[in-house]
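Undergrad: Structure incoming, see below.
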Amino acid sequence: MYLLLLTGLVSVEKIHLTTQLARYFADQGERVAVLDNISRLHIDPATLPASVTYQQINGPVDFAADLNDIHADRVLLALSETAEPAQTFTGLLDVPAGTAIYTLALIDTRTCDCFPAMRETLEDYADLTVNLPYVIEDVITAL
């Protein structure tokens, strides 16, 4: 299993990117699961391809429990904008064995201007920083 973790303070853009990536990977023939942990808004399952499995997670993510029964090639986890980065990345130690992890930090101008320490922390932990607005082809290429 390949876990793609989308982090950051933005909600709308995280929803759009998760939906676009789910569509892309499903079109490539992968079994895709979307886990929606976004606090302020949620992904509309109707915007996802029919083959994509969707699950909403309210509250903190328990990586071991929440990923244990997922049967997918690629799991897209849209993490809550309220999730503490240090706690999140420590929690990744609990992912099921054999799970590859790749993390994205979605960074917008508000994060840069109003929460520079949060931006720095997200960028330090993430495998890929996605500055908004993004170009989906560039994100896919970077992945």
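Within each chain, counting starts at residue 1; across the structure tokens, chains are named A, B, ... in the order shown, with ligands numbered 1 upward in that order.
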Ala97 of chain A: which residues within 10 Å, counting only C-alpha atoms, same-chain residues fewer than 3 positions away excluded, as a list in words?
TA: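 What passes the distance filter is Met1, Ala64, Asn68, Leu93, Asp94 and Ala100 of chain A.
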Undergrad: Okay, now the selection with N, CA and C atoms, as a short mmCIF file (atom, residue, chain, number, x, y, z; two decimals), in the first residue's frame?
TA:
data_model
loop_
_atom_site.label_atom_id
_atom_site.label_comp_id
_atom_site.auth_asym_id
_atom_site.auth_seq_id
_atom_site.Cartn_x
_atom_site.Cartn_y
_atom_site.Cartn_z
N MET A 1 0.85 -1.17 0.00
CA MET A 1 0.00 0.00 0.00
C MET A 1 0.90 1.24 0.00
N ALA A 64 -2.66 3.23 12.68
CA ALA A 64 -2.72 1.77 12.73
C ALA A 64 -4.13 1.27 12.51
N ASN A 68 -5.62 -0.17 8.80
CA ASN A 68 -5.52 -1.62 8.94
C ASN A 68 -6.40 -2.40 7.97
N LEU A 93 4.65 6.44 12.48
CA LEU A 93 5.42 5.25 12.88
C LEU A 93 4.51 4.05 13.09
N ASP A 94 3.21 4.30 13.25
CA ASP A 94 2.25 3.23 13.52
C ASP A 94 1.57 2.68 12.27
N ALA A 100 4.21 2.24 2.17
CA ALA A 100 5.11 3.33 1.78
C ALA A 100 4.38 4.64 2.04
#
Undergrad: Distance table requested - segment 49-95 of chain A against segment 33-45 of chain A, cut-off 9 Å, only C-alpha atoms: one row per qualifying residue with the closest atom pair and its distance in Å to one decimal, ordered by chain and rising residue number, as JSON lines.
TA:
{"residue": "A:Pro49", "atom": "CA", "partner": "A:Pro45", "partner_atom": "CA", "distance": 8.4}
{"residue": "A:Ala50", "atom": "CA", "partner": "A:Pro45", "partner_atom": "CA", "distance": 8.8}
{"residue": "A:Ser51", "atom": "CA", "partner": "A:Ala33", "partner_atom": "CA", "distance": 8.9}
{"residue": "A:Val52", "atom": "CA", "partner": "A:Ala33", "partner_atom": "CA", "distance": 5.5}
{"residue": "A:Thr53", "atom": "CA", "partner": "A:Ala33", "partner_atom": "CA", "distance": 4.5}
{"residue": "A:Tyr54", "atom": "CA", "partner": "A:Val34", "partner_atom": "CA", "distance": 4.9}
{"residue": "A:Gln55", "atom": "CA", "partner": "A:Leu35", "partner_atom": "CA", "distance": 5.0}
{"residue": "A:Gln56", "atom": "CA", "partner": "A:Asp36", "partner_atom": "CA", "distance": 4.6}
{"residue": "A:Ile57", "atom": "CA", "partner": "A:Asn37", "partner_atom": "CA", "distance": 4.8}
{"residue": "A:Asn58", "atom": "CA", "partner": "A:Asn37", "partner_atom": "CA", "distance": 6.0}
{"residue": "A:Gly59", "atom": "CA", "partner": "A:Asn37", "partner_atom": "CA", "distance": 7.4}
{"residue": "A:Pro60", "atom": "CA", "partner": "A:Asn37", "partner_atom": "CA", "distance": 8.0}
{"residue": "A:Val61", "atom": "CA", "partner": "A:Asn37", "partner_atom": "CA", "distance": 7.4}
{"residue": "A:Asp66", "atom": "CA", "partner": "A:Leu35", "partner_atom": "CA", "distance": 8.7}
{"residue": "A:Ile70", "atom": "CA", "partner": "A:Ala33", "partner_atom": "CA", "distance": 7.5}
{"residue": "A:His71", "atom": "CA", "partner": "A:Ala33", "partner_atom": "CA", "distance": 8.0}
{"residue": "A:Ala72", "atom": "CA", "partner": "A:Ala33", "partner_atom": "CA", "distance": 6.0}
{"residue": "A:Asp73", "atom": "CA", "partner": "A:Ala33", "partner_atom": "CA", "distance": 8.1}
{"residue": "A:Arg74", "atom": "CA", "partner": "A:Ala33", "partner_atom": "CA", "distance": 6.4}
{"residue": "A:Val75", "atom": "CA", "partner": "A:Ala33", "partner_atom": "CA", "distance": 4.8}
{"residue": "A:Leu76", "atom": "CA", "partner": "A:Val34", "partner_atom": "CA", "distance": 4.8}
{"residue": "A:Leu77", "atom": "CA", "partner": "A:Leu35", "partner_atom": "CA", "distance": 4.7}
{"residue": "A:Ala78", "atom": "CA", "partner": "A:Asp36", "partner_atom": "CA", "distance": 5.2}
{"residue": "A:Leu79", "atom": "CA", "partner": "A:Asn37", "partner_atom": "CA", "distance": 5.0}
{"residue": "A:Ser80", "atom": "CA", "partner": "A:Ile38", "partner_atom": "CA", "distance": 4.0}
{"residue": "A:Glu81", "atom": "CA", "partner": "A:Ile38", "partner_atom": "CA", "distance": 6.3}
{"residue": "A:Thr82", "atom": "CA", "partner": "A:Ser39", "partner_atom": "CA", "distance": 7.2}
Undergrad: I'd like the contact shell of Gln20 of chain A - 12 Å cut-off, only C-alpha atoms, skipping same-chain residues fewer than 6 positions apart - returned as a VMD selection string.
TA: chain A and resid 13 to 14 26 to 27 32 34 43 47 to 49 52 76 134 to 137 139 to 140
Undergrad: I need the residues of chain A that end up classed as strand (DSSP E) by DSSP on the backbone, written out as a PyMOL selection string.
TA: chain A and resi 2-7+32-36+53-56+74-78+100-107+128-131
Undergrad: Give me, as a PyMOL selection string, all polymer residues having an atom no more than 8 Å from Val130 of chain A, counting only C-alpha atoms and skipping those fewer than 6 positions away in the same chain.
TA: chain A and resi 104-107+139
Undergrad: What are the DSSP alpha helix (DSSP H) residues of segment 66-110 of chain A, as a PyMOL selection string?
TA: chain A and resi 66-68+85-91+109-110
Undergrad: Restrict the selected residues to N, CA and C atoms and save them as a short mmCIF file (atom, residue, chain, number, x, y, z; two decimals), in the first residue's frame.
TA:
data_model
loop_
_atom_site.label_atom_id
_atom_site.label_comp_id
_atom_site.auth_asym_id
_atom_site.auth_seq_id
_atom_site.Cartn_x
_atom_site.Cartn_y
_atom_site.Cartn_z
N ASP A 66 -6.93 3.06 11.42
CA ASP A 66 -7.63 3.59 10.24
C ASP A 66 -7.12 2.99 8.94
N LEU A 67 -5.89 2.53 8.91
CA LEU A 67 -5.33 1.95 7.68
C LEU A 67 -5.34 0.43 7.67
N ASN A 68 -5.62 -0.17 8.80
CA ASN A 68 -5.52 -1.62 8.94
C ASN A 68 -6.40 -2.40 7.97
N PRO A 85 1.38 18.97 13.37
CA PRO A 85 2.36 18.28 12.51
C PRO A 85 3.28 17.31 13.24
N ALA A 86 3.86 17.71 14.35
CA ALA A 86 4.79 16.82 15.05
C ALA A 86 4.10 15.54 15.50
N GLN A 87 2.90 15.68 16.03
CA GLN A 87 2.14 14.51 16.49
C GLN A 87 1.75 13.63 15.30
N THR A 88 1.38 14.26 14.20
CA THR A 88 1.01 13.52 12.99
C THR A 88 2.18 12.70 12.47
N PHE A 89 3.32 13.33 12.34
CA PHE A 89 4.45 12.63 11.75
C PHE A 89 5.01 11.57 12.69
N THR A 90 4.87 11.75 13.99
CA THR A 90 5.22 10.70 14.94
C THR A 90 4.24 9.54 14.81
N GLY A 91 2.97 9.86 14.60
CA GLY A 91 1.95 8.84 14.44
C GLY A 91 2.17 7.96 13.21
N THR A 109 -0.57 31.52 0.75
CA THR A 109 -0.04 32.81 1.21
C THR A 109 -0.39 33.08 2.67
N ARG A 110 -1.61 32.71 3.08
CA ARG A 110 -2.03 32.94 4.46
C ARG A 110 -1.14 32.15 5.42
#
Undergrad: Atom CA of Cys112 of chain A and atom CA of Leu4 of chain A, how far apart in Å?
TA: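 Separation between atom CA of Leu4 of chain A and atom CA of Cys112 of chain A: 22.9 Å.
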Undergrad: Could you jot down the atom CA of Leu128 of chain A to atom CA of Asp108 of chain A separation for me, Å, one decimal place?
TA: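 Separating atom CA of Leu128 of chain A from atom CA of Asp108 of chain A is a distance of 14.0 Å.
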Undergrad: Interatomic distance between atom CA of Val12 of chain A and atom CA of Asp69 of chain A?
TA: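 Result for atom CA of Val12 of chain A versus atom CA of Asp69 of chain A: 27.5 Å, one decimal.
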Undergrad: Tell me which of A:Leu5, A:Ala46, A:Leu92, A:Leu122 sits closest to Leu17 of chain A, counting only C-alpha atoms.
TA: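 Looking at the shortest contact to Leu17 of chain A, the residue is A:Leu5.
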